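Source file: run_18.pdb. Holds: PDB, C-alpha atoms and all ligand atoms.
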ATOM      1  CA  MET A   1      15.553  -1.639  -6.505
ATOM      2  CA  PRO A   2      13.636  -2.065  -3.303
ATOM      3  CA  VAL A   3      10.281  -3.780  -3.273
ATOM      4  CA  VAL A   4       8.198  -2.146  -0.568
ATOM      5  CA  SER A   5       4.844  -3.556   0.518
ATOM      6  CA  THR A   6       2.043  -2.245   2.659
ATOM      7  CA  PHE A   7       0.205  -4.955   4.465
ATOM      8  CA  CYS A   8      -2.372  -5.598   7.150
ATOM      9  CA  LYS A   9      -4.655  -8.541   7.649
ATOM     10  CA  LYS A  10      -7.557  -6.135   8.089
ATOM     11  CA  GLY A  11      -9.344  -4.118   5.413
ATOM     12  CA  GLY A  12     -10.055  -0.421   5.550
ATOM     13  CA  VAL A  13      -7.035   0.506   7.669
ATOM     14  CA  GLY A  14      -5.439   2.716   5.007
ATOM     15  CA  LYS A  15      -2.937   0.452   3.211
ATOM     16  CA  THR A  16      -3.903   1.564  -0.279
ATOM     17  CA  THR A  17      -4.203   5.224   0.626
ATOM     18  CA  PHE A  18      -0.797   5.315   2.265
ATOM     19  CA  ILE A  19       1.071   3.416  -0.430
ATOM     20  CA  GLY A  20      -0.541   5.683  -3.020
ATOM     21  CA  PHE A  21       0.646   8.786  -1.169
ATOM     22  CA  MET A  22       4.099   7.281  -0.782
ATOM     23  CA  ALA A  23       4.271   6.451  -4.488
ATOM     24  CA  HIS A  24       3.296   9.970  -5.495
ATOM     25  CA  TYR A  25       5.678  11.566  -3.008
ATOM     26  CA  TYR A  26       8.669   9.693  -4.450
ATOM     27  CA  ALA A  27       7.494  10.162  -8.043
ATOM     28  CA  ASN A  28       7.345  13.929  -7.472
ATOM     29  CA  ALA A  29      10.869  13.732  -6.098
ATOM     30  CA  GLY A  30      11.954  12.410  -9.496
ATOM     31  CA  LYS A  31      11.999   8.691  -8.739
ATOM     32  CA  LYS A  32      10.448   6.229 -11.131
ATOM     33  CA  VAL A  33       7.799   4.389  -9.184
ATOM     34  CA  LEU A  34       5.767   1.306  -9.996
ATOM     35  CA  THR A  35       2.844   0.315  -7.802
ATOM     36  CA  ILE A  36       1.455  -3.164  -8.312
ATOM     37  CA  SER A  37      -2.013  -3.886  -7.008
ATOM     38  CA  VAL A  38      -2.417  -7.527  -6.112
ATOM     39  CA  ASP A  39      -5.850  -6.676  -4.776
ATOM     40  CA  ASP A  40      -8.529  -7.414  -7.392
ATOM     41  CA  GLN A  41     -10.372  -4.317  -6.206
ATOM     42  CA  ASN A  42      -7.489  -2.278  -7.639
ATOM     43  CA  SER A  43      -8.486   0.557  -5.331
ATOM     44  CA  ILE A  44      -5.094   2.223  -5.814
ATOM     45  CA  PHE A  45      -6.564   3.520  -9.091
ATOM     46  CA  LYS A  46      -9.104   5.508  -7.071
ATOM     47  CA  VAL A  47      -6.387   7.306  -5.138
ATOM     48  CA  PHE A  48      -5.347   8.870  -8.462
ATOM     49  CA  GLY A  49      -8.796   9.200 -10.021
ATOM     50  CA  VAL A  50      -7.928   6.769 -12.829
ATOM     51  CA  GLU A  51     -10.411   4.005 -12.059
ATOM     52  CA  HIS A  52     -11.721   4.262 -15.635
ATOM     53  CA  LYS A  53      -8.380   2.744 -16.652
ATOM     54  CA  ILE A  54      -9.167  -0.483 -14.818
ATOM     55  CA  PHE A  55     -11.577  -1.663 -17.472
ATOM     56  CA  ASP A  56     -10.347   0.218 -20.532
ATOM     57  CA  ALA A  57      -8.660  -2.917 -21.829
ATOM     58  CA  ASN A  58      -9.420  -6.457 -20.822
ATOM     59  CA  ASP A  59      -6.026  -8.029 -21.216
ATOM     60  CA  ASN A  60      -3.534  -5.684 -19.603
ATOM     61  CA  TYR A  61      -3.495  -7.348 -16.203
ATOM     62  CA  LEU A  62      -0.616  -8.890 -14.280
ATOM     63  CA  GLU A  63      -1.987 -12.370 -15.005
ATOM     64  CA  PHE A  64      -1.717 -11.830 -18.765
ATOM     65  CA  LEU A  65       1.920 -10.917 -18.407
ATOM     66  CA  LEU A  66       2.653 -14.086 -16.470
ATOM     67  CA  ALA A  67       0.816 -16.173 -19.050
ATOM     68  CA  ASN A  68       3.178 -14.723 -21.678
ATOM     69  CA  HIS A  69       0.315 -13.093 -23.527
ATOM     70  CA  LYS A  70       1.656  -9.611 -22.874
ATOM     71  CA  ASP A  71       4.940  -7.742 -22.730
ATOM     72  CA  MET A  72       6.133  -5.902 -19.656
ATOM     73  CA  GLY A  73       5.403  -2.446 -21.048
ATOM     74  CA  ASP A  74       1.895  -3.394 -22.221
ATOM     75  CA  ILE A  75       0.438  -3.682 -18.766
ATOM     76  CA  LEU A  76       1.856  -0.497 -17.252
ATOM     77  CA  ILE A  77      -0.719   2.210 -16.707
ATOM     78  CA  GLU A  78       0.501   5.754 -16.218
ATOM     79  CA  ALA A  79      -1.213   7.450 -13.277
ATOM     80  CA  ARG A  80       1.071  10.469 -12.907
ATOM     81  CA  GLU A  81       4.456  11.549 -14.194
ATOM     82  CA  ASN A  82       7.021   8.916 -13.093
ATOM     83  CA  LEU A  83       4.226   6.885 -11.527
ATOM     84  CA  TYR A  84       2.884   3.678 -13.073
ATOM     85  CA  LEU A  85       0.310   1.191 -11.887
ATOM     86  CA  ILE A  86      -0.295  -2.492 -12.585
ATOM     87  CA  LYS A  87      -3.678  -4.052 -11.974
ATOM     88  CA  THR A  88      -4.793  -7.564 -11.263
ATOM     89  CA  LEU A  89      -7.920  -9.331 -12.401
ATOM     90  CA  ASN A  90      -8.010 -12.816 -11.032
ATOM     91  CA  SER A  91      -5.473 -13.089  -8.281
ATOM     92  CA  ASP A  92      -7.185 -16.200  -6.850
ATOM     93  CA  LYS A  93      -6.353 -18.115  -9.987
ATOM     94  CA  LEU A  94      -2.796 -16.845  -9.943
ATOM     95  CA  SER A  95      -2.568 -17.946  -6.319
ATOM     96  CA  LEU A  96      -3.756 -21.407  -7.198
ATOM     97  CA  LYS A  97      -1.227 -21.633 -10.022
ATOM     98  CA  LEU A  98       1.513 -20.597  -7.636
ATOM     99  CA  THR A  99       0.503 -23.474  -5.392
ATOM    100  CA  LEU A 100       0.231 -26.031  -8.185
ATOM    101  CA  GLU A 101       3.132 -25.081 -10.438
ATOM    102  CA  ARG A 102       6.517 -24.481  -8.946
ATOM    103  CA  ASN A 103       7.840 -22.576 -11.975
ATOM    104  CA  GLN A 104       5.171 -19.878 -11.540
ATOM    105  CA  GLU A 105       7.015 -18.574  -8.514
ATOM    106  CA  LYS A 106      10.169 -18.234 -10.570
ATOM    107  CA  ALA A 107       8.244 -16.463 -13.325
ATOM    108  CA  LEU A 108       6.843 -13.982 -10.829
ATOM    109  CA  LYS A 109      10.268 -13.333  -9.359
ATOM    110  CA  LYS A 110      11.616 -12.750 -12.861
ATOM    111  CA  VAL A 111       8.881 -10.221 -13.558
ATOM    112  CA  LEU A 112       9.726  -8.315 -10.376
ATOM    113  CA  ASP A 113      13.431  -8.378 -11.188
ATOM    114  CA  GLU A 114      12.850  -7.119 -14.707
ATOM    115  CA  TYR A 115      10.696  -4.236 -13.542
ATOM    116  CA  ALA A 116      13.235  -3.500 -10.829
ATOM    117  CA  ALA A 117      15.762  -2.686 -13.532
ATOM    118  CA  TYR A 118      13.529   0.139 -14.800
ATOM    119  CA  PHE A 119      12.103   1.564 -11.593
ATOM    120  CA  ASP A 120      13.596   3.141  -8.508
ATOM    121  CA  PHE A 121      10.837   1.685  -6.358
ATOM    122  CA  ILE A 122       8.345  -1.112  -6.676
ATOM    123  CA  PHE A 123       5.466  -0.779  -4.252
ATOM    124  CA  ILE A 124       2.946  -3.563  -3.769
ATOM    125  CA  ASP A 125      -0.575  -2.997  -2.509
ATOM    126  CA  PHE A 126      -2.067  -6.120  -0.912
ATOM    127  CA  PRO A 127      -5.598  -7.199  -0.129
ATOM    128  CA  PRO A 128      -6.212  -8.200   3.490
ATOM    129  CA  SER A 129      -7.141 -11.771   2.574
ATOM    130  CA  SER A 130      -4.797 -14.761   2.777
ATOM    131  CA  SER A 131      -3.435 -16.212  -0.414
ATOM    132  CA  ARG A 132      -0.421 -17.977  -1.818
ATOM    133  CA  LEU A 133       0.204 -14.945  -4.012
ATOM    134  CA  SER A 134       0.412 -12.691  -0.980
ATOM    135  CA  GLU A 135       2.722 -15.063   0.856
ATOM    136  CA  VAL A 136       5.090 -15.316  -2.081
ATOM    137  CA  LEU A 137       5.150 -11.554  -2.658
ATOM    138  CA  LEU A 138       5.568 -10.747   1.024
ATOM    139  CA  ASP A 139       8.560 -13.074   0.999
ATOM    140  CA  MET A 140       9.989 -11.246  -2.008
ATOM    141  CA  SER A 141       9.538  -7.803  -0.415
ATOM    142  CA  ASP A 142      12.626  -6.006   0.801
ATOM    143  CA  MET A 143      10.546  -4.246   3.385
ATOM    144  CA  ILE A 144       7.025  -4.470   4.674
ATOM    145  CA  LEU A 145       5.198  -1.535   6.135
ATOM    146  CA  LEU A 146       2.411  -2.681   8.415
ATOM    147  CA  VAL A 147      -0.517  -0.265   8.529
ATOM    148  CA  VAL A 148      -2.531  -0.529  11.718
ATOM    149  CA  GLY A 149      -5.942   1.083  12.109
ATOM    150  CA  LEU A 150      -6.284   2.943  15.383
ATOM    151  CA  ASP A 151     -10.013   3.454  15.545
ATOM    152  CA  SER A 152     -10.703   0.277  17.461
ATOM    153  CA  LEU A 153      -9.300  -0.915  20.752
ATOM    154  CA  GLY A 154      -8.588  -4.228  19.048
ATOM    155  CA  LEU A 155      -5.572  -2.674  17.313
ATOM    156  CA  GLY A 156      -6.907  -2.906  13.749
ATOM    157  CA  GLY A 157      -5.185  -5.956  12.354
ATOM    158  CA  PHE A 158      -1.899  -6.005  14.291
ATOM    159  CA  PHE A 159      -2.288  -9.395  15.962
ATOM    160  CA  ASN A 160      -3.984 -11.035  12.965
ATOM    161  CA  THR A 161      -1.054  -9.993  10.834
ATOM    162  CA  ILE A 162       1.537 -11.418  13.225
ATOM    163  CA  GLN A 163      -0.501 -14.618  13.477
ATOM    164  CA  TYR A 164      -0.717 -14.834   9.673
ATOM    165  CA  PHE A 165       3.027 -14.388   9.303
ATOM    166  CA  ILE A 166       3.757 -17.108  11.850
ATOM    167  CA  ASP A 167       1.200 -19.551  10.407
ATOM    168  CA  ASN A 168       2.595 -19.125   6.905
ATOM    169  CA  ASP A 169       6.240 -18.959   7.786
ATOM    170  CA  ILE A 170       6.702 -15.378   6.572
ATOM    171  CA  ASP A 171       9.575 -13.624   8.295
ATOM    172  CA  ILE A 172       8.226 -11.130  10.856
ATOM    173  CA  GLU A 173      11.519  -9.258  10.615
ATOM    174  CA  GLY A 174      10.451  -8.278   7.108
ATOM    175  CA  ILE A 175       8.174  -5.770   8.847
ATOM    176  CA  LYS A 176      10.473  -2.752   8.998
ATOM    177  CA  TYR A 177       7.903  -0.056   9.736
ATOM    178  CA  ILE A 178       4.537   0.229  11.391
ATOM    179  CA  LEU A 179       2.227   3.081  10.495
ATOM    180  CA  PRO A 180      -0.486   3.798  13.052
ATOM    181  CA  ASN A 181      -3.335   5.298  11.049
ATOM    182  CA  GLY A 182      -6.409   7.211  12.158
ATOM    183  CA  TYR A 183      -5.094   8.942  15.244
ATOM    184  CA  SER A 184      -7.300  11.525  16.834
ATOM    185  CA  ARG A 185      -6.371  13.580  19.847
ATOM    186  CA  ASN A 186      -9.972  14.044  20.833
ATOM    187  CA  ARG A 187     -11.128  10.473  20.791
ATOM    188  CA  ARG A 188     -10.287   7.962  23.459
ATOM    189  CA  ALA A 189     -10.068   4.763  21.377
ATOM    190  CA  PRO A 190      -7.303   5.859  18.982
ATOM    191  CA  ARG A 191      -5.306   7.349  21.850
ATOM    192  CA  ILE A 192      -5.385   4.145  23.870
ATOM    193  CA  SER A 193      -4.818   2.029  20.752
ATOM    194  CA  LEU A 194      -1.659   3.951  19.934
ATOM    195  CA  GLU A 195      -0.249   3.362  23.410
ATOM    196  CA  LYS A 196      -1.128  -0.315  23.188
ATOM    197  CA  LEU A 197       0.400  -0.610  19.731
ATOM    198  CA  GLU A 198       3.690   0.875  20.873
ATOM    199  CA  MET A 199       3.795  -1.631  23.725
ATOM    200  CA  GLN A 200       2.852  -4.638  21.590
ATOM    201  CA  ALA A 201       5.283  -3.655  18.849
ATOM    202  CA  ARG A 202       8.128  -3.706  21.358
ATOM    203  CA  GLU A 203       7.183  -7.273  22.236
ATOM    204  CA  PHE A 204       6.232  -8.780  18.853
ATOM    205  CA  THR A 205       8.083  -6.695  16.259
ATOM    206  CA  PRO A 206      11.111  -5.328  18.125
ATOM    207  CA  ASN A 207      12.937  -4.609  14.859
ATOM    208  CA  ALA A 208      10.167  -2.498  13.382
ATOM    209  CA  ILE A 209      10.129   1.272  13.666
ATOM    210  CA  VAL A 210       6.786   2.691  14.724
ATOM    211  CA  LEU A 211       6.273   5.777  12.548
ATOM    212  CA  PRO A 212       4.539   8.926  13.774
ATOM    213  CA  ALA A 213       0.792   8.306  13.575
ATOM    214  CA  LEU A 214      -1.189   9.605  10.636
ATOM    215  CA  GLN A 215      -4.184  11.500  11.940
ATOM    216  CA  GLU A 216      -7.738  10.838  10.996
ATOM    217  CA  ARG A 217      -8.430  13.579   8.470
ATOM    218  CA  SER A 218     -11.602  14.082   6.503
ATOM    219  CA  ILE A 219      -9.619  15.796   3.728
ATOM    220  CA  ILE A 220      -8.224  12.358   2.804
ATOM    221  CA  LYS A 221     -11.680  11.000   1.958
ATOM    222  CA  ASN A 222     -12.659  14.263   0.254
ATOM    223  CA  LEU A 223      -9.618  14.266  -1.995
ATOM    224  CA  GLN A 224     -10.064  10.592  -2.791
ATOM    225  CA  SER A 225     -13.651  11.092  -3.867
ATOM    226  CA  GLU A 226     -12.364  13.709  -6.329
ATOM    227  CA  GLY A 227      -9.500  11.519  -7.518
ATOM    228  CA  ILE A 228      -6.950  14.055  -6.285
ATOM    229  CA  SER A 229      -3.801  13.067  -4.431
ATOM    230  CA  PRO A 230      -2.469  15.515  -1.823
ATOM    231  CA  PHE A 231       0.717  15.656  -3.903
ATOM    232  CA  ASP A 232      -1.152  16.997  -6.919
ATOM    233  CA  ASP A 233      -0.386  20.634  -7.449
ATOM    234  CA  VAL A 234      -3.973  21.872  -7.542
ATOM    235  CA  LYS A 235      -5.702  24.692  -5.745
ATOM    236  CA  LEU A 236      -8.776  23.487  -3.914
ATOM    237  CA  ALA A 237     -12.082  25.289  -4.043
ATOM    238  CA  THR A 238     -12.255  26.627  -0.527
ATOM    239  CA  ASN A 239      -9.663  28.107   1.728
ATOM    240  CA  TYR A 240     -10.536  25.595   4.406
ATOM    241  CA  ASP A 241      -9.770  22.685   2.079
ATOM    242  CA  GLN A 242      -6.522  24.208   0.905
ATOM    243  CA  THR A 243      -5.337  24.632   4.493
ATOM    244  CA  ALA A 244      -6.359  21.071   5.370
ATOM    245  CA  LYS A 245      -4.450  19.782   2.337
ATOM    246  CA  GLU A 246      -1.318  21.663   3.344
ATOM    247  CA  ILE A 247      -1.520  20.368   6.901
ATOM    248  CA  LEU A 248      -1.869  16.826   5.555
ATOM    249  CA  LEU A 249       1.103  17.327   3.236
ATOM    250  CA  ALA A 250       3.295  18.503   6.085
ATOM    251  CA  GLU A 251       2.223  15.530   8.169
ATOM    252  CA  LEU A 252       2.953  13.057   5.369
ATOM    253  CA  ARG A 253       6.356  14.571   4.629
ATOM    254  CA  GLU A 254       7.238  14.267   8.291
ATOM    255  CA  ILE A 255       6.296  10.580   8.216
ATOM    256  CA  PHE A 256       8.263   9.951   4.994
ATOM    257  CA  ASN A 257      11.295  11.618   6.566
ATOM    258  CA  HIS A 258      11.392   8.694   8.993
ATOM    259  CA  LEU A 259      11.630   6.151   6.195
ATOM    260  CA  SER A 260      14.862   5.029   4.682
ATOM    261  CA  LEU A 261      13.866   3.083   1.636
TER     262      LEU A 261
HETATM  263  N1  LIG A 301      -5.940   8.948   8.038
HETATM  264  C1  LIG A 301      -7.141   8.845   7.435
HETATM  265  N2  LIG A 301      -8.135   9.721   7.760
HETATM  266  C2  LIG A 301      -9.340   9.631   7.157
HETATM  267  N3  LIG A 301      -9.663   8.701   6.239
HETATM  268  C3  LIG A 301      -8.726   7.801   5.887
HETATM  269  C4  LIG A 301      -7.414   7.828   6.458
HETATM  270  N4  LIG A 301      -6.691   6.811   5.896
HETATM  271  C5  LIG A 301      -7.507   6.200   5.027
HETATM  272  N5  LIG A 301      -8.729   6.776   5.012
HETATM  273  C6  LIG A 301      -9.921   6.366   4.226
HETATM  274  O1  LIG A 301     -10.319   5.090   4.688
HETATM  275  C7  LIG A 301     -10.825   4.288   3.626
HETATM  276  C8  LIG A 301     -10.073   2.986   3.562
HETATM  277  O2  LIG A 301      -8.744   3.222   3.178
HETATM  278  P1  LIG A 301      -7.921   2.229   2.242
HETATM  279  O3  LIG A 301      -6.608   2.881   2.007
HETATM  280  O4  LIG A 301      -8.728   1.833   1.067
HETATM  281  O5  LIG A 301      -7.752   0.982   3.224
HETATM  282  P2  LIG A 301      -7.221  -0.512   2.912
HETATM  283  O6  LIG A 301      -6.393  -0.451   1.696
HETATM  284  O7  LIG A 301      -6.456  -0.908   4.134
HETATM  285  O8  LIG A 301      -8.456  -1.345   2.745
HETATM  286  C9  LIG A 301     -10.686   5.134   2.365
HETATM  287  O9  LIG A 301     -11.932   5.736   2.105
HETATM  288  C10 LIG A 301      -9.662   6.203   2.744
HETATM  289  O10 LIG A 301      -9.885   7.406   2.053
HETATM  290 MG    MG A 302      -6.616  -1.595  -0.053
END

Full structure transcribed into structure tokens:
Amino acid sequence: MPVVSTFCKKGGVGKTTFIGFMAHYYANAGKKVLTISVDDQNSIFKVFGVEHKIFDANDNYLEFLLANHKDMGDILIEARENLYLIKTLNSDKLSLKLTLERNQEKALKKVLDEYAAYFDFIFIDFPPSSSRLSEVLLDMSDMILLVVGLDSLGLGGFFNTIQYFIDNDIDIEGIKYILPNGYSRNRRAPRISLEKLEMQAREFTPNAIVLPALQERSIIKNLQSEGISPFDDVKLATNYDQTAKEILLAELREIFNHLSL
């Protein structure tokens, strides 16, 4: 089943948030979804308010599976119905092993293939830093969704990402979608950034579809600080919040309608 990755060479642009929303959206639609964090921060756990599960056991990390100390089911952490997470502890070491030992790459591929037999989707949440692990997993992804932050005129991470792909021989055509994140009608920088991004995407990633922009919305941070995903069926305390959540949901569904995974 498809391996879908969110990537950007810049931090804080919304990779983890968006892949978390995507995972929950498909899980609610009845798909079995696995999201692997290859970011040691494991911030995907925060999107679902399950960060206490990061340290509840000290051997249920991806690395322990690859070292044959664990079985595939042992490291899955349930975040929601149909939605499982995998955490990482020491991805630098795994990266080094991937560089030093050729069979590690095969082992990692085997792990992905085995999980793929059980899940409808495998999503991978990357850190912004460079590593052998990231390169290998980006190569193994069926599609890459590039998240670009719009709040700076420097096009939050777009050019760095292209540069990184070229330098490391990762296929730019793997980038199937670009999500502009942080749009705001009332601020000049995001507006200009979005125009620039559409222009640059035509030149550098002509095969990628630029999705409708996700707006900058304070409800996203508010929900995340409570550990609530917008796809959780909960009534929020105030009417204002409830309305903001519903507007966000409609916006996300519209974006997901443009994806064919
Ligand atoms: N569209 C948005 N509007 C407002 N806040 C957002 C939006 N997207 C993401 N955020 C917030 O920005 C911060 C960084 O997002 P995150 O997904 O962790 O980025 P990354 O994974 O790229 O480092 C988080 O606090 C998140 O809640
Ligand atoms: Mg992240």

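Between Lys9 of chain A and the residues A:Ile75, A:Val148, A:Ile36, A:Leu223, the shortest atom-to-atom distance, using only C-alpha atoms, involves A:Val148.
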
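With distances restricted to all atoms listed in the file, A:Glu216 is the closest residue to ligand LIG 301 (chain A) from A:Glu114, A:Asp151, A:Glu195, A:Glu216.
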
Collect all residues with atoms no farther than 7 Å from ligand MG 302 (chain A), counting all atoms listed in the file, and output them as a ChimeraX atom specification. /A:11-12,14-16,39,43,125-127

Save the residues we just selected, C-alpha atoms, as an mmCIF file, in the coordinates of the input?
data_model
loop_
_atom_site.group_PDB
_atom_site.id
_atom_site.type_symbol
_atom_site.label_atom_id
_atom_site.label_comp_id
_atom_site.auth_asym_id
_atom_site.auth_seq_id
_atom_site.Cartn_x
_atom_site.Cartn_y
_atom_site.Cartn_z
ATOM 1 C CA GLY A 11 -9.344 -4.118 5.413
ATOM 2 C CA GLY A 12 -10.055 -0.421 5.550
ATOM 3 C CA GLY A 14 -5.439 2.716 5.007
ATOM 4 C CA LYS A 15 -2.937 0.452 3.211
ATOM 5 C CA THR A 16 -3.903 1.564 -0.279
ATOM 6 C CA ASP A 39 -5.850 -6.676 -4.776
ATOM 7 C CA SER A 43 -8.486 0.557 -5.331
ATOM 8 C CA ASP A 125 -0.575 -2.997 -2.509
ATOM 9 C CA PHE A 126 -2.067 -6.120 -0.912
ATOM 10 C CA PRO A 127 -5.598 -7.199 -0.129
#

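Computed from the coordinates, the atom CA of Tyr115 of chain A to atom CA of Asp171 of chain A distance equals 23.8 Å.
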
Could you state which residues are captured by the PyMOL selection byres (((chain A and resi 17) around 10) and not hetatm) in this file, as a VMD selection string? chain A and resid 6 12 to 16 18 to 23 43 to 44 46 to 48 125 220 to 221 224 229

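Applied to the shown file, the PyMOL selection byres (((chain A and resi 164) around 12) and not hetatm) selects the residues Phe7, Cys8, Lys9, Lys10, Pro128, Ser129, Ser130, Ser131, Arg132, Ser134, Glu135, Leu138, Gly157, Phe158, Phe159, Asn160, Thr161, Ile162, Gln163, Phe165, Ile166, Asp167, Asn168, Asp169, Ile170, Asp171 and Ile172 of chain A.
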
Of A:Ala107, A:Leu89, A:Leu112, A:Leu145, the one sitting nearest ligand LIG 301 (chain A) when using only C-alpha atoms and all ligand atoms is A:Leu145

Given the file shown, determine the residues that the PyMOL selection byres (((chain A and resi 90) around 9) and not hetatm) selects; report them as a PyMOL selection string. chain A and resi 40+61-63+88-89+91-95

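Nearest-residue note for Ser218 of chain A: choosing from A:Ser184, A:Ser260, A:Thr99, A:Asn82, the minimum distance belongs to A:Ser184, counting all atoms listed in the file.
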
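Between ligand LIG 301 (chain A) and the residues A:Ser5, A:Asn239, A:Val234, A:Ala201, the shortest atom-to-atom distance, using all atoms listed in the file, involves A:Ser5.
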
Which of these residues is nearest to ligand LIG 301 (chain A), using all atoms listed in the file: A:Ala208, A:Val136, A:Ile54, A:Leu179? A:Leu179

With N, CA and C atoms as the goal, would you fill in the gaps in segment 55-72 of chain A and present it as an mmCIF file, keeping the file's coordinate frame?
data_model
loop_
_atom_site.group_PDB
_atom_site.id
_atom_site.type_symbol
_atom_site.label_atom_id
_atom_site.label_comp_id
_atom_site.auth_asym_id
_atom_site.auth_seq_id
_atom_site.Cartn_x
_atom_site.Cartn_y
_atom_site.Cartn_z
ATOM 1 N N PHE A 55 -10.849 -0.835 -16.508
ATOM 2 C CA PHE A 55 -11.577 -1.663 -17.472
ATOM 3 C C PHE A 55 -11.429 -1.189 -18.924
ATOM 4 N N ASP A 56 -10.459 -0.303 -19.168
ATOM 5 C CA ASP A 56 -10.347 0.218 -20.532
ATOM 6 C C ASP A 56 -9.768 -0.800 -21.510
ATOM 7 N N ALA A 57 -9.138 -1.833 -20.968
ATOM 8 C CA ALA A 57 -8.660 -2.917 -21.829
ATOM 9 C C ALA A 57 -8.800 -4.189 -21.007
ATOM 10 N N ASN A 58 -9.133 -5.277 -21.650
ATOM 11 C CA ASN A 58 -9.420 -6.457 -20.822
ATOM 12 C C ASN A 58 -8.285 -7.476 -20.786
ATOM 13 N N ASP A 59 -7.117 -7.058 -21.256
ATOM 14 C CA ASP A 59 -6.026 -8.029 -21.216
ATOM 15 C C ASP A 59 -4.716 -7.435 -20.700
ATOM 16 N N ASN A 60 -4.800 -6.255 -20.085
ATOM 17 C CA ASN A 60 -3.534 -5.684 -19.603
ATOM 18 C C ASN A 60 -3.383 -5.828 -18.095
ATOM 19 N N TYR A 61 -3.617 -7.035 -17.623
ATOM 20 C CA TYR A 61 -3.495 -7.348 -16.203
ATOM 21 C C TYR A 61 -2.225 -8.167 -15.947
ATOM 22 N N LEU A 62 -1.812 -8.143 -14.682
ATOM 23 C CA LEU A 62 -0.616 -8.890 -14.280
ATOM 24 C C LEU A 62 -0.670 -10.352 -14.746
ATOM 25 N N GLU A 63 -1.834 -10.962 -14.638
ATOM 26 C CA GLU A 63 -1.987 -12.370 -15.005
ATOM 27 C C GLU A 63 -1.649 -12.625 -16.475
ATOM 28 N N PHE A 64 -1.973 -11.654 -17.330
ATOM 29 C CA PHE A 64 -1.717 -11.830 -18.765
ATOM 30 C C PHE A 64 -0.227 -11.739 -19.070
ATOM 31 N N LEU A 65 0.469 -10.989 -18.260
ATOM 32 C CA LEU A 65 1.920 -10.917 -18.407
ATOM 33 C C LEU A 65 2.547 -12.262 -18.042
ATOM 34 N N LEU A 66 2.082 -12.821 -16.936
ATOM 35 C CA LEU A 66 2.653 -14.086 -16.470
ATOM 36 C C LEU A 66 2.307 -15.245 -17.396
ATOM 37 N N ALA A 67 1.195 -15.120 -18.108
ATOM 38 C CA ALA A 67 0.816 -16.173 -19.050
ATOM 39 C C ALA A 67 1.506 -15.980 -20.403
ATOM 40 N N ASN A 68 2.426 -15.001 -20.444
ATOM 41 C CA ASN A 68 3.178 -14.723 -21.678
ATOM 42 C C ASN A 68 2.316 -14.190 -22.817
ATOM 43 N N HIS A 69 1.160 -13.671 -22.479
ATOM 44 C CA HIS A 69 0.315 -13.093 -23.527
ATOM 45 C C HIS A 69 0.601 -11.612 -23.734
ATOM 46 N N LYS A 70 1.414 -11.060 -22.839
ATOM 47 C CA LYS A 70 1.656 -9.611 -22.874
ATOM 48 C C LYS A 70 3.126 -9.323 -22.592
ATOM 49 N N ASP A 71 3.581 -8.167 -23.058
ATOM 50 C CA ASP A 71 4.940 -7.742 -22.730
ATOM 51 C C ASP A 71 4.903 -6.834 -21.501
ATOM 52 N N MET A 72 6.079 -6.643 -20.916
ATOM 53 C CA MET A 72 6.133 -5.902 -19.656
ATOM 54 C C MET A 72 5.562 -4.495 -19.779
#
